[in-house]
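Student: Pasting final.txt here (compact mmCIF, C-alpha atoms):
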```txt
# COMPACT_ATOMS: atom_id res chain seq x y z
CA MET F 1 0.00 0.00 0.00
CA SER F 2 1.62 3.28 -1.07
CA ASP F 3 1.62 6.42 1.02
CA PRO F 4 -0.94 8.87 -0.49
CA ALA F 5 1.36 11.79 0.33
CA SER F 6 4.27 10.48 -1.72
CA GLU F 7 2.55 8.61 -4.54
CA SER F 8 3.09 9.37 -8.22
CA PRO F 9 0.33 10.77 -10.48
CA VAL F 10 -0.18 7.27 -11.92
CA GLU F 11 -0.61 5.79 -8.45
CA ALA F 12 -2.96 8.60 -7.45
CA LYS F 13 -5.08 8.04 -10.55
CA ALA F 14 -5.23 4.30 -9.89
CA ARG F 15 -6.20 4.92 -6.26
CA ARG F 16 -8.96 7.35 -7.30
CA GLY F 17 -10.33 4.81 -9.77
CA ARG F 18 -10.35 2.06 -7.13
CA ASN F 19 -12.06 4.32 -4.61
CA ILE F 20 -14.78 5.33 -7.06
CA ALA F 21 -15.37 1.68 -8.04
CA LEU F 22 -15.60 0.67 -4.37
CA ALA F 23 -18.02 3.50 -3.60
CA LEU F 24 -20.19 2.56 -6.56
CA GLY F 25 -20.20 -1.07 -5.47
CA LEU F 26 -21.30 -0.16 -1.95
CA VAL F 27 -24.04 2.18 -3.19
CA ILE F 28 -25.35 -0.50 -5.54
CA PHE F 29 -25.39 -3.04 -2.69
CA VAL F 30 -27.31 -0.67 -0.39
CA VAL F 31 -29.86 0.11 -3.11
CA LEU F 32 -30.24 -3.62 -3.88
CA VAL F 33 -30.94 -4.48 -0.24
CA PHE F 34 -33.41 -1.58 0.04
CA VAL F 35 -35.36 -2.56 -3.10
CA VAL F 36 -35.28 -6.28 -2.18
CA THR F 37 -36.80 -5.36 1.19
CA ILE F 38 -39.59 -3.34 -0.46
CA VAL F 39 -40.29 -6.07 -3.03
CA ARG F 40 -40.28 -8.90 -0.48
CA LEU F 41 -42.35 -7.16 2.16
CA GLY F 42 -44.44 -4.87 -0.07
CA ALA F 43 -47.16 -3.10 1.86
CA SER F 44 -46.26 -5.05 4.98
CA VAL F 45 -42.95 -3.17 5.27
CA ALA F 46 -44.39 -0.86 7.96
CA ASN F 47 -46.44 -3.59 9.64
CA ARG F 48 -44.01 -4.73 12.35
CA PRO F 49 -43.74 -4.32 16.12
CA PHE F 50 -41.38 -1.68 17.52
CA MET U 1 -9.99 -43.79 -13.50
CA ALA U 2 -7.93 -44.24 -10.37
CA MET U 3 -7.55 -41.18 -8.22
CA THR U 4 -4.14 -42.30 -7.06
CA GLU U 5 -2.18 -42.10 -10.28
CA ALA U 6 1.45 -41.12 -9.96
CA VAL U 7 1.31 -37.60 -11.25
CA PRO U 8 3.72 -34.69 -11.20
CA THR U 9 1.69 -32.52 -8.85
CA ALA U 10 2.67 -28.95 -8.24
CA ASP U 11 4.01 -28.18 -4.81
CA LYS U 12 2.49 -25.09 -3.32
CA PRO U 13 5.25 -22.56 -2.65
CA VAL U 14 5.27 -20.80 0.67
CA SER U 15 4.56 -17.39 -0.79
CA PRO U 16 3.41 -17.44 -4.41
CA GLN U 17 1.73 -14.07 -4.25
CA GLY U 18 4.31 -11.35 -4.02
CA ALA U 19 3.78 -7.65 -3.48
CA ALA U 20 2.22 -5.66 -6.31
CA LYS U 21 4.78 -4.09 -8.68
CA ALA U 22 2.45 -1.58 -10.35
CA PRO U 23 -0.56 0.31 -8.99
CA ALA U 24 -3.72 -1.78 -9.25
CA ARG U 25 -6.46 -0.25 -11.39
CA TRP U 26 -10.11 -1.09 -10.82
CA GLN U 27 -10.05 -2.99 -14.11
CA ASP U 28 -7.54 -5.40 -12.59
CA PHE U 29 -10.05 -6.30 -9.89
CA VAL U 30 -12.71 -6.87 -12.56
CA GLN U 31 -10.26 -9.19 -14.33
CA LEU U 32 -9.92 -11.18 -11.09
CA LEU U 33 -13.61 -12.06 -11.43
CA LYS U 34 -12.99 -13.90 -14.75
CA PRO U 35 -15.69 -12.03 -16.69
CA ARG U 36 -15.77 -14.52 -19.59
CA VAL U 37 -16.40 -17.49 -17.29
CA MET U 38 -18.91 -15.35 -15.41
CA SER U 39 -20.90 -14.68 -18.58
CA LEU U 40 -21.33 -18.42 -19.29
CA VAL U 41 -22.35 -19.05 -15.68
CA VAL U 42 -24.88 -16.21 -15.83
CA PHE U 43 -26.32 -17.63 -19.03
CA THR U 44 -26.78 -21.16 -17.68
CA GLY U 45 -28.05 -19.87 -14.32
CA LEU U 46 -30.62 -17.70 -16.08
CA THR U 47 -31.70 -20.69 -18.17
CA GLY U 48 -32.30 -22.72 -15.02
CA LEU U 49 -34.29 -19.88 -13.49
CA VAL U 50 -36.48 -19.44 -16.58
CA CYS U 51 -36.93 -23.19 -17.22
CA ALA U 52 -38.30 -23.60 -13.68
CA GLY U 53 -41.52 -22.17 -15.11
CA VAL U 54 -42.50 -20.30 -11.94
CA PRO U 55 -43.17 -16.57 -12.18
CA VAL U 56 -40.53 -14.67 -10.22
CA HIS U 57 -40.59 -10.90 -9.61
CA PRO U 58 -38.32 -9.50 -12.35
CA PHE U 59 -36.22 -7.56 -9.85
CA LEU U 60 -35.69 -10.64 -7.67
CA ALA U 61 -34.86 -12.69 -10.77
CA GLY U 62 -32.25 -10.05 -11.64
CA VAL U 63 -30.85 -10.21 -8.10
CA ALA U 64 -30.64 -14.02 -8.33
CA VAL U 65 -28.66 -13.81 -11.59
CA LEU U 66 -26.45 -11.08 -10.11
CA CYS U 67 -25.72 -13.23 -7.05
CA ILE U 68 -24.79 -16.18 -9.27
CA ALA U 69 -22.52 -13.88 -11.31
CA VAL U 70 -20.85 -12.35 -8.25
CA GLY U 71 -20.46 -15.78 -6.61
CA ALA U 72 -18.77 -17.07 -9.78
CA GLY U 73 -16.57 -13.97 -9.83
CA ALA U 74 -15.63 -14.52 -6.19
CA SER U 75 -14.61 -18.12 -7.02
CA GLY U 76 -12.47 -16.75 -9.83
CA ALA U 77 -10.72 -14.29 -7.49
CA LEU U 78 -10.04 -17.03 -4.93
CA ASN U 79 -8.72 -19.26 -7.72
CA MET U 80 -6.39 -16.52 -8.98
CA TRP U 81 -5.14 -15.87 -5.46
CA TYR U 82 -4.29 -19.51 -4.77
CA ASP U 83 -3.05 -20.41 -8.25
CA ALA U 84 -0.78 -17.40 -8.78
CA ASP U 85 2.27 -19.69 -8.75
CA ILE U 86 0.83 -21.91 -11.48
CA ASP U 87 -0.53 -18.98 -13.49
CA ALA U 88 2.90 -17.32 -13.53
CA GLN U 89 4.36 -20.34 -15.36
CA MET U 90 1.72 -20.71 -18.06
CA ARG U 91 1.64 -18.53 -21.18
CA ARG U 92 -2.18 -18.38 -21.18
CA THR U 93 -2.38 -17.09 -17.60
CA ARG U 94 0.85 -15.27 -16.80
CA GLY U 95 -0.72 -11.88 -17.64
CA ARG U 96 -3.36 -12.26 -14.89
CA PRO U 97 -3.32 -9.48 -12.27
CA VAL U 98 -1.66 -11.42 -9.41
CA PRO U 99 1.19 -13.18 -11.29
CA ALA U 100 1.76 -10.01 -13.35
CA GLY U 101 2.26 -8.11 -10.08
CA ARG U 102 -0.58 -5.63 -10.52
CA VAL U 103 -2.67 -6.92 -7.59
CA GLN U 104 -1.37 -8.30 -4.30
CA GLY U 105 -2.43 -11.87 -3.50
CA ALA U 106 -3.95 -10.75 -0.20
CA ASP U 107 -6.17 -8.24 -2.03
CA ALA U 108 -7.42 -10.94 -4.42
CA LEU U 109 -8.17 -13.18 -1.42
CA ALA U 110 -10.03 -10.39 0.37
CA LEU U 111 -12.09 -9.60 -2.72
CA GLY U 112 -13.00 -13.26 -3.15
CA VAL U 113 -14.04 -13.77 0.48
CA VAL U 114 -16.07 -10.53 0.69
CA LEU U 115 -17.90 -11.12 -2.59
CA SER U 116 -18.61 -14.74 -1.61
CA LEU U 117 -20.22 -13.68 1.66
CA PHE U 118 -22.21 -10.82 0.07
CA SER U 119 -23.51 -12.94 -2.81
CA VAL U 120 -24.60 -15.86 -0.60
CA MET U 121 -26.26 -13.61 2.00
CA LEU U 122 -28.07 -11.54 -0.60
CA MET U 123 -29.29 -14.68 -2.39
CA GLY U 124 -30.63 -16.00 0.92
CA MET U 125 -32.38 -12.77 1.85
CA ALA U 126 -33.77 -11.98 -1.60
CA LEU U 127 -34.71 -15.46 -2.86
CA ASN U 128 -34.35 -18.46 -0.55
CA TRP U 129 -31.73 -20.24 1.51
CA LEU U 130 -31.69 -23.38 -0.64
CA ALA U 131 -30.40 -21.32 -3.55
CA ALA U 132 -28.01 -19.51 -1.19
CA GLY U 133 -26.74 -22.83 0.20
CA LEU U 134 -26.17 -24.21 -3.29
CA LEU U 135 -24.33 -21.01 -4.27
CA GLY U 136 -22.14 -21.23 -1.16
CA PHE U 137 -21.44 -24.91 -1.85
CA THR U 138 -20.48 -24.11 -5.45
CA ILE U 139 -18.03 -21.38 -4.38
CA VAL U 140 -16.41 -23.62 -1.75
CA PHE U 141 -16.31 -26.57 -4.15
CA TYR U 142 -14.53 -24.53 -6.84
CA ALA U 143 -12.18 -22.59 -4.57
CA VAL U 144 -11.30 -25.31 -2.07
CA VAL U 145 -12.09 -28.76 -3.51
CA TYR U 146 -11.05 -28.02 -7.10
CA THR U 147 -8.46 -25.23 -6.82
CA MET U 148 -6.67 -26.18 -3.62
CA TRP U 149 -6.98 -29.95 -3.86
CA LEU U 150 -8.02 -31.68 -7.11
CA LYS U 151 -6.20 -29.43 -9.57
CA ARG U 152 -2.75 -30.23 -8.20
CA TRP U 153 -3.47 -33.84 -7.24
CA THR U 154 -5.26 -35.85 -9.91
CA ALA U 155 -5.79 -36.01 -13.65
CA GLN U 156 -9.50 -36.24 -12.85
CA ASN U 157 -9.36 -32.62 -11.62
CA ILE U 158 -11.59 -31.11 -14.27
CA VAL U 159 -13.97 -34.10 -14.28
CA ILE U 160 -14.84 -33.80 -10.58
CA GLY U 161 -14.25 -30.05 -10.42
CA GLY U 162 -16.62 -29.66 -13.35
CA LEU U 163 -19.46 -29.94 -10.85
CA ALA U 164 -18.83 -26.33 -9.82
CA GLY U 165 -19.38 -25.14 -13.38
CA ALA U 166 -22.42 -27.39 -13.77
CA LEU U 167 -24.37 -26.18 -10.73
CA PRO U 168 -25.49 -22.66 -11.82
CA PRO U 169 -28.70 -23.87 -13.58
CA VAL U 170 -29.58 -25.78 -10.40
CA ILE U 171 -29.01 -22.61 -8.36
CA GLY U 172 -31.18 -20.63 -10.79
CA TRP U 173 -33.93 -23.26 -10.59
CA ALA U 174 -33.75 -23.29 -6.78
CA ALA U 175 -33.89 -19.49 -6.70
CA ALA U 176 -37.16 -19.56 -8.67
CA THR U 177 -38.92 -22.44 -6.93
CA GLY U 178 -37.14 -23.29 -3.68
CA THR U 179 -36.80 -26.86 -4.98
CA VAL U 180 -34.44 -28.77 -7.26
CA PRO U 181 -36.35 -31.36 -9.30
CA LEU U 182 -34.89 -33.92 -11.70
CA ASN U 183 -34.95 -31.56 -14.70
CA ALA U 184 -32.70 -29.10 -12.83
CA TRP U 185 -30.19 -31.88 -12.19
CA LEU U 186 -30.47 -32.90 -15.83
CA LEU U 187 -29.17 -29.47 -16.89
CA CYS U 188 -26.37 -29.92 -14.35
CA ALA U 189 -25.57 -33.38 -15.74
CA ILE U 190 -25.35 -32.03 -19.30
CA ILE U 191 -22.73 -29.42 -18.33
CA PHE U 192 -20.93 -31.96 -16.13
CA ALA U 193 -20.60 -34.43 -19.04
CA TRP U 194 -19.61 -31.60 -21.41
CA THR U 195 -16.68 -30.46 -19.29
CA PRO U 196 -14.15 -33.30 -19.92
CA PRO U 197 -14.27 -33.26 -23.75
CA HIS U 198 -14.22 -29.46 -23.69
CA PHE U 199 -11.22 -29.00 -21.37
CA TRP U 200 -9.23 -32.00 -22.53
CA ALA U 201 -9.52 -30.84 -26.15
CA LEU U 202 -8.01 -27.52 -25.02
CA SER U 203 -5.35 -29.20 -22.88
CA LEU U 204 -4.22 -31.34 -25.84
CA TYR U 205 -2.61 -28.24 -27.34
CA THR U 206 -1.62 -26.49 -24.12
CA SER U 207 -0.23 -29.52 -22.25
CA GLU U 208 3.38 -28.25 -22.29
CA ASP U 209 2.24 -25.31 -20.18
CA TYR U 210 0.50 -27.61 -17.70
CA LYS U 211 3.52 -29.90 -17.61
CA LYS U 212 5.84 -26.98 -16.91
CA ALA U 213 3.56 -25.79 -14.11
CA GLY U 214 3.27 -29.30 -12.63
CA VAL U 215 -0.49 -29.49 -13.13
CA PRO U 216 -1.52 -33.13 -13.73
CA MET U 217 -3.83 -32.55 -16.69
CA MET U 218 -4.85 -35.73 -18.52
CA PRO U 219 -2.49 -35.36 -21.54
CA VAL U 220 0.45 -34.79 -19.15
CA VAL U 221 -0.36 -37.84 -17.02
CA ALA U 222 -1.91 -40.36 -19.43
CA GLY U 223 -0.59 -39.10 -22.76
CA ALA U 224 -2.31 -37.68 -25.82
CA ALA U 225 -3.65 -40.97 -27.21
CA SER U 226 -5.37 -41.91 -23.95
CA THR U 227 -6.80 -38.39 -23.64
CA ARG U 228 -8.24 -38.56 -27.16
CA LYS U 229 -9.84 -41.92 -26.32
CA GLN U 230 -11.34 -40.56 -23.12
CA ILE U 231 -12.66 -37.50 -24.96
CA LEU U 232 -14.45 -39.88 -27.34
CA VAL U 233 -15.90 -41.93 -24.44
CA TYR U 234 -17.22 -38.81 -22.69
CA SER U 235 -18.60 -37.52 -26.00
CA LEU U 236 -20.52 -40.79 -26.40
CA ILE U 237 -22.05 -40.19 -22.97
CA PHE U 238 -22.59 -36.46 -23.41
CA THR U 239 -24.36 -36.34 -26.77
CA PRO U 240 -27.21 -38.80 -25.95
CA LEU U 241 -27.62 -37.05 -22.58
CA CYS U 242 -28.33 -33.79 -24.43
CA LEU U 243 -31.41 -35.44 -26.00
CA VAL U 244 -32.95 -36.38 -22.64
CA PRO U 245 -34.62 -32.99 -21.91
CA ALA U 246 -36.90 -33.65 -24.89
CA PHE U 247 -38.17 -36.73 -23.04
CA THR U 248 -38.67 -35.18 -19.62
CA GLY U 249 -40.88 -32.20 -20.40
CA LEU U 250 -38.02 -29.70 -20.50
CA GLY U 251 -37.13 -29.26 -24.18
CA GLY U 252 -39.36 -28.82 -27.23
CA LEU U 253 -39.06 -29.65 -30.92
CA ALA U 254 -36.48 -26.93 -31.61
CA TYR U 255 -34.38 -28.20 -28.69
CA LEU U 256 -34.56 -31.77 -29.98
CA ALA U 257 -33.44 -30.61 -33.44
CA VAL U 258 -30.53 -28.56 -32.08
CA ALA U 259 -29.45 -31.29 -29.64
CA GLY U 260 -29.70 -34.00 -32.31
CA LEU U 261 -27.96 -32.19 -35.19
CA GLY U 262 -25.36 -30.58 -32.94
CA GLY U 263 -24.76 -33.92 -31.24
CA VAL U 264 -23.98 -35.55 -34.60
CA VAL U 265 -21.45 -32.81 -35.40
CA PHE U 266 -19.97 -33.09 -31.90
CA LEU U 267 -19.52 -36.85 -32.28
CA LEU U 268 -18.03 -36.42 -35.75
CA LEU U 269 -15.46 -33.96 -34.40
CA ALA U 270 -14.72 -36.26 -31.43
CA PHE U 271 -14.14 -39.20 -33.81
CA ARG U 272 -11.85 -37.05 -35.99
CA LEU U 273 -9.92 -36.00 -32.92
CA PHE U 274 -9.67 -39.62 -31.79
CA ALA U 275 -8.20 -40.59 -35.16
CA SER U 276 -5.77 -37.65 -35.22
CA HIS U 277 -2.37 -37.11 -33.62
CA ALA U 278 -3.42 -34.02 -31.71
CA GLY U 279 -1.47 -33.49 -28.52
CA GLU U 280 1.63 -35.26 -29.77
CA THR U 281 4.95 -33.54 -30.43
CA GLY U 282 4.67 -30.62 -32.77
CA ALA U 283 1.08 -29.76 -31.92
CA GLU U 284 1.92 -27.33 -29.14
CA ARG U 285 1.22 -23.65 -29.42
CA ASN U 286 3.96 -21.04 -29.39
CA ASP U 287 4.19 -17.48 -28.08
CA ALA U 288 3.03 -15.94 -31.36
CA GLN U 289 -0.05 -18.15 -31.41
CA ASP U 290 -0.82 -17.31 -27.80
CA ALA U 291 -1.05 -13.69 -28.84
CA GLN U 292 -3.74 -14.70 -31.32
CA GLY U 293 -5.95 -16.37 -28.70
CA LEU U 294 -6.98 -19.95 -28.01
CA TYR U 295 -8.14 -20.77 -31.53
CA ASP U 296 -4.87 -20.29 -33.43
CA VAL U 297 -2.98 -23.58 -33.31
CA ARG U 298 -0.46 -25.60 -35.28
CA ALA U 299 -1.72 -27.95 -37.96
CA GLY U 300 -1.37 -31.05 -35.76
CA ALA U 301 -3.79 -29.70 -33.17
CA LYS U 302 -6.57 -28.46 -35.42
CA ASP U 303 -8.87 -31.37 -34.63
CA ALA U 304 -8.53 -30.60 -30.92
CA ARG U 305 -9.11 -26.90 -31.54
CA ASN U 306 -12.21 -27.67 -33.65
CA LEU U 307 -13.81 -29.79 -30.93
CA PHE U 308 -12.93 -27.19 -28.27
CA ALA U 309 -14.52 -24.39 -30.29
CA PHE U 310 -17.59 -26.40 -31.26
CA SER U 311 -18.15 -27.57 -27.69
CA ILE U 312 -18.64 -23.94 -26.62
CA LEU U 313 -21.01 -23.26 -29.51
CA TYR U 314 -23.00 -26.45 -28.90
CA LEU U 315 -23.53 -25.86 -25.18
CA THR U 316 -24.49 -22.25 -25.85
CA LEU U 317 -27.00 -23.32 -28.51
CA LEU U 318 -28.53 -25.98 -26.26
CA PHE U 319 -29.14 -23.56 -23.40
CA ALA U 320 -30.17 -20.69 -25.70
CA THR U 321 -32.78 -22.93 -27.34
CA LEU U 322 -34.18 -23.98 -23.96
CA LEU U 323 -34.24 -20.36 -22.86
CA VAL U 324 -36.04 -19.14 -25.98
CA GLU U 325 -38.54 -22.03 -25.90
CA HIS U 326 -39.48 -21.27 -22.30
CA LEU U 327 -39.58 -17.50 -22.78
CA MET U 328 -41.88 -17.96 -25.80
CA GLY U 329 -44.03 -20.44 -23.91
CA LEU U 330 -43.48 -23.21 -26.47
CA LYS U 331 -44.76 -26.59 -25.35
CA PRO U 332 -42.09 -29.14 -24.36
CA LEU U 333 -42.24 -32.55 -26.04
CA GLU U 334 -42.52 -34.95 -23.07
CA LEU U 335 -41.71 -37.94 -25.26
CA LEU U 336 -41.72 -40.28 -22.26
```
As structure tokens - that is how I would like this structure written.

Tutor:
Amino acid sequence: MSDPASESPVEAKARRGRNIALALGLVIFVVLVFVVTIVRLGASVANRPF
Amino acid sequence: MAMTEAVPTADKPVSPQGAAKAPARWQDFVQLLKPRVMSLVVFTGLTGLVCAGVPVHPFLAGVAVLCIAVGAGASGALNMWYDADIDAQMRRTRGRPVPAGRVQGADALALGVVLSLFSVMLMGMALNWLAAGLLGFTIVFYAVVYTMWLKRWTAQNIVIGGLAGALPPVIGWAAATGTVPLNAWLLCAIIFAWTPPHFWALSLYTSEDYKKAGVPMMPVVAGAASTRKQILVYSLIFTPLCLVPAFTGLGGLAYLAVAGLGGVVFLLLAFRLFASHAGETGAERNDAQDAQGLYDVRAGAKDARNLFAFSILYLTLLFATLLVEHLMGLKPLELL
């Protein structure tokens, strides 16, 4: 793992690309879980004890 | 075939995965997921899901296919982590991210483990836990049983390990219905029987690479002539098996025609390969041919190349026909 403070432009670009890909992956996963929950539970999504 | 043949197995080095030499790009991590293998797995998994004949919410069906794809990708990453030492010695695989030094082995391992867990959990939550269990089993079977054990130990590696590649239609079927009836296992059996002629045809003209890497592929252990004979035997099992879906209420008239005609061509190519000298000295590929891809071979290996190429086309056609028949609602034959 390179030190962000001393990395070359190529390394910085690669790191930025990896970070964006990771962020996109996480966002997609969160959205998937949210929509799956809505689809599976439908109108019953709010019908649960607190 | 005995599992205890004396074979030149590869010894696992202590540290095959060195530190990355160049910065890893996100594309390198995509390459770890073996996108080409993933596309075939997605296709057969989708076919299983559609052939189940049970209406599934389109979004959940998409999630099921995505989980199968990500699970397959995770297996690929785990395979590339563990096999970096072998990959580095073979022309076909030495450009992969870990042996080429673009991705650290530990990162490939982490990606594989995380994606395995996410895909299995999401499959369980979104569809059902039978499909999730089958997906988890498939990943473990490919990454542990095949990659870590069979591949370096026995010439039957791709025969037994082929189960991992054959299970996606069963997973798709289970995702749709929560059950795995005989027809789902029939699709699995077709891919399972297809695997040996497919991979051994390829290994007949890449066996020098496997020999150098110490991987006991059939041509390395038993020789080219024995491999050609075994390809023919498996082809004689595989081609009639492809006709069975037309008798069990799975395939229709179009499927029967494709399976029958394609099966005749497959057998013809297997017989030609059997009668050839493919895999013997002079049939190996060289560096220039590797640059051209897997289909450019020396004259002596053309029969092996032809069967390898046709095997991909035939399996694709079989599953595409089943998929189209079921999507169009065409009536299966049920000849039995």

Student: Where does chain U meet chain F within 10 Å, residue by residue, with the nearest atom pair and distance in Å to one decimal for each, counting all atoms listed in the file, listed by chain and rising number, as JSON lines?

Tutor:
```
{"residue": "U:Ala19", "atom": "CA", "partner": "F:Met1", "partner_atom": "CA", "distance": 9.2}
{"residue": "U:Ala20", "atom": "CA", "partner": "F:Met1", "partner_atom": "CA", "distance": 8.8}
{"residue": "U:Ala22", "atom": "CA", "partner": "F:Glu11", "partner_atom": "CA", "distance": 8.2}
{"residue": "U:Pro23", "atom": "CA", "partner": "F:Glu11", "partner_atom": "CA", "distance": 5.5}
{"residue": "U:Ala24", "atom": "CA", "partner": "F:Ala14", "partner_atom": "CA", "distance": 6.3}
{"residue": "U:Arg25", "atom": "CA", "partner": "F:Ala14", "partner_atom": "CA", "distance": 4.9}
{"residue": "U:Trp26", "atom": "CA", "partner": "F:Arg18", "partner_atom": "CA", "distance": 4.9}
{"residue": "U:Gln27", "atom": "CA", "partner": "F:Arg18", "partner_atom": "CA", "distance": 8.6}
{"residue": "U:Asp28", "atom": "CA", "partner": "F:Arg18", "partner_atom": "CA", "distance": 9.7}
{"residue": "U:Phe29", "atom": "CA", "partner": "F:Arg18", "partner_atom": "CA", "distance": 8.8}
{"residue": "U:His57", "atom": "CA", "partner": "F:Val39", "partner_atom": "CA", "distance": 8.2}
{"residue": "U:Phe59", "atom": "CA", "partner": "F:Val36", "partner_atom": "CA", "distance": 7.8}
{"residue": "U:Leu60", "atom": "CA", "partner": "F:Val36", "partner_atom": "CA", "distance": 7.0}
{"residue": "U:Val63", "atom": "CA", "partner": "F:Leu32", "partner_atom": "CA", "distance": 7.8}
{"residue": "U:Gln104", "atom": "CA", "partner": "F:Met1", "partner_atom": "CA", "distance": 9.4}
{"residue": "U:Phe118", "atom": "CA", "partner": "F:Phe29", "partner_atom": "CA", "distance": 8.8}
{"residue": "U:Leu122", "atom": "CA", "partner": "F:Val33", "partner_atom": "CA", "distance": 7.6}
{"residue": "U:Met125", "atom": "CA", "partner": "F:Val36", "partner_atom": "CA", "distance": 8.2}
{"residue": "U:Ala126", "atom": "CA", "partner": "F:Val36", "partner_atom": "CA", "distance": 5.9}
{"residue": "U:Leu127", "atom": "CA", "partner": "F:Arg40", "partner_atom": "CA", "distance": 8.9}
```

Student: Work out how far atom CA of U:Ala320 is from atom CA of U:Ile160, in Å to one decimal.

Tutor: 25.2 Å

Student: Between atom CA of U:Thr316 and atom CA of U:Leu187, measure the distance and give it in Å to one decimal.

Tutor: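 Atom CA of U:Leu187 lies at a distance of 12.4 Å from atom CA of U:Thr316.
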
Student: Check the smallest atom-to-atom distance from each of U:Gly71, U:Pro99, U:Pro196, U:Gly252 to U:Phe137 using all atoms listed in the file, then report the winner.

Tutor: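 For U:Phe137, the nearest of the given residues is U:Gly71.
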
Student: Give me, as JSON, numbers by chain, all polymer residues having an atom no more than 12 Å from U:Leu236, counting only C-alpha atoms and skipping those fewer than 4 positions away in the same chain.

Tutor: {"U": [193, 194, 196, 197, 229, 230, 231, 232, 240, 241, 242, 263, 264, 266, 267, 268, 269, 270, 271]}

Student: Between U:Val233, U:Thr154, U:Gly124, U:Ala254, which one has atoms that come closest to U:Met328, using only C-alpha atoms?

Tutor: U:Ala254

Student: Between atom CA of U:Ser75 and atom CA of U:Cys188, what distance in Å does the model show, to one decimal?

Tutor: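 The value is 18.2 Å.
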
Student: For U:Met38, find every residue with an atom within 7 Å (counting only C-alpha atoms), except residues of its own chain fewer than 2 positions away, and show them as a list of chain:residue names.

Tutor: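 Non-adjacent residues within range: U:Lys34, U:Pro35, U:Arg36, U:Leu40, U:Val41, U:Val42, U:Ala69, U:Ala72, U:Gly73.
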
Student: Would you list the residues near (-27.0, -20.2, -13.2) (no more than 10 Å away, in the coordinates of the file, using only C-alpha atoms) as a PyMOL selection string?

Tutor: chain U and resi 38-49+64-69+72+135+165-175+188

Student: Centre and edge lengths, as AutoDock Vina command-line options, for the axis-aligned box enclosing every listed atom of stretch 160-163 of chain U with 3 Å of padding on each of the six sides, in Å to one decimal?

Tutor:
```
--center_x -16.9 --center_y -31.7 --center_z -11.9 --size_x 11.2 --size_y 10.1 --size_z 8.9
```

Student: Applying 12 Å and all atoms listed in the file, which residues near U:Leu32 remain after dropping the ones on its own chain fewer than 6 positions away? List them as a count of residues only.

Tutor: 36

Student: Here is a test: counting only C-alpha atoms, which residue of U:Ala143, U:Ala189, U:Leu182, U:Val54 is nearest to U:Ile237?

Tutor: U:Ala189
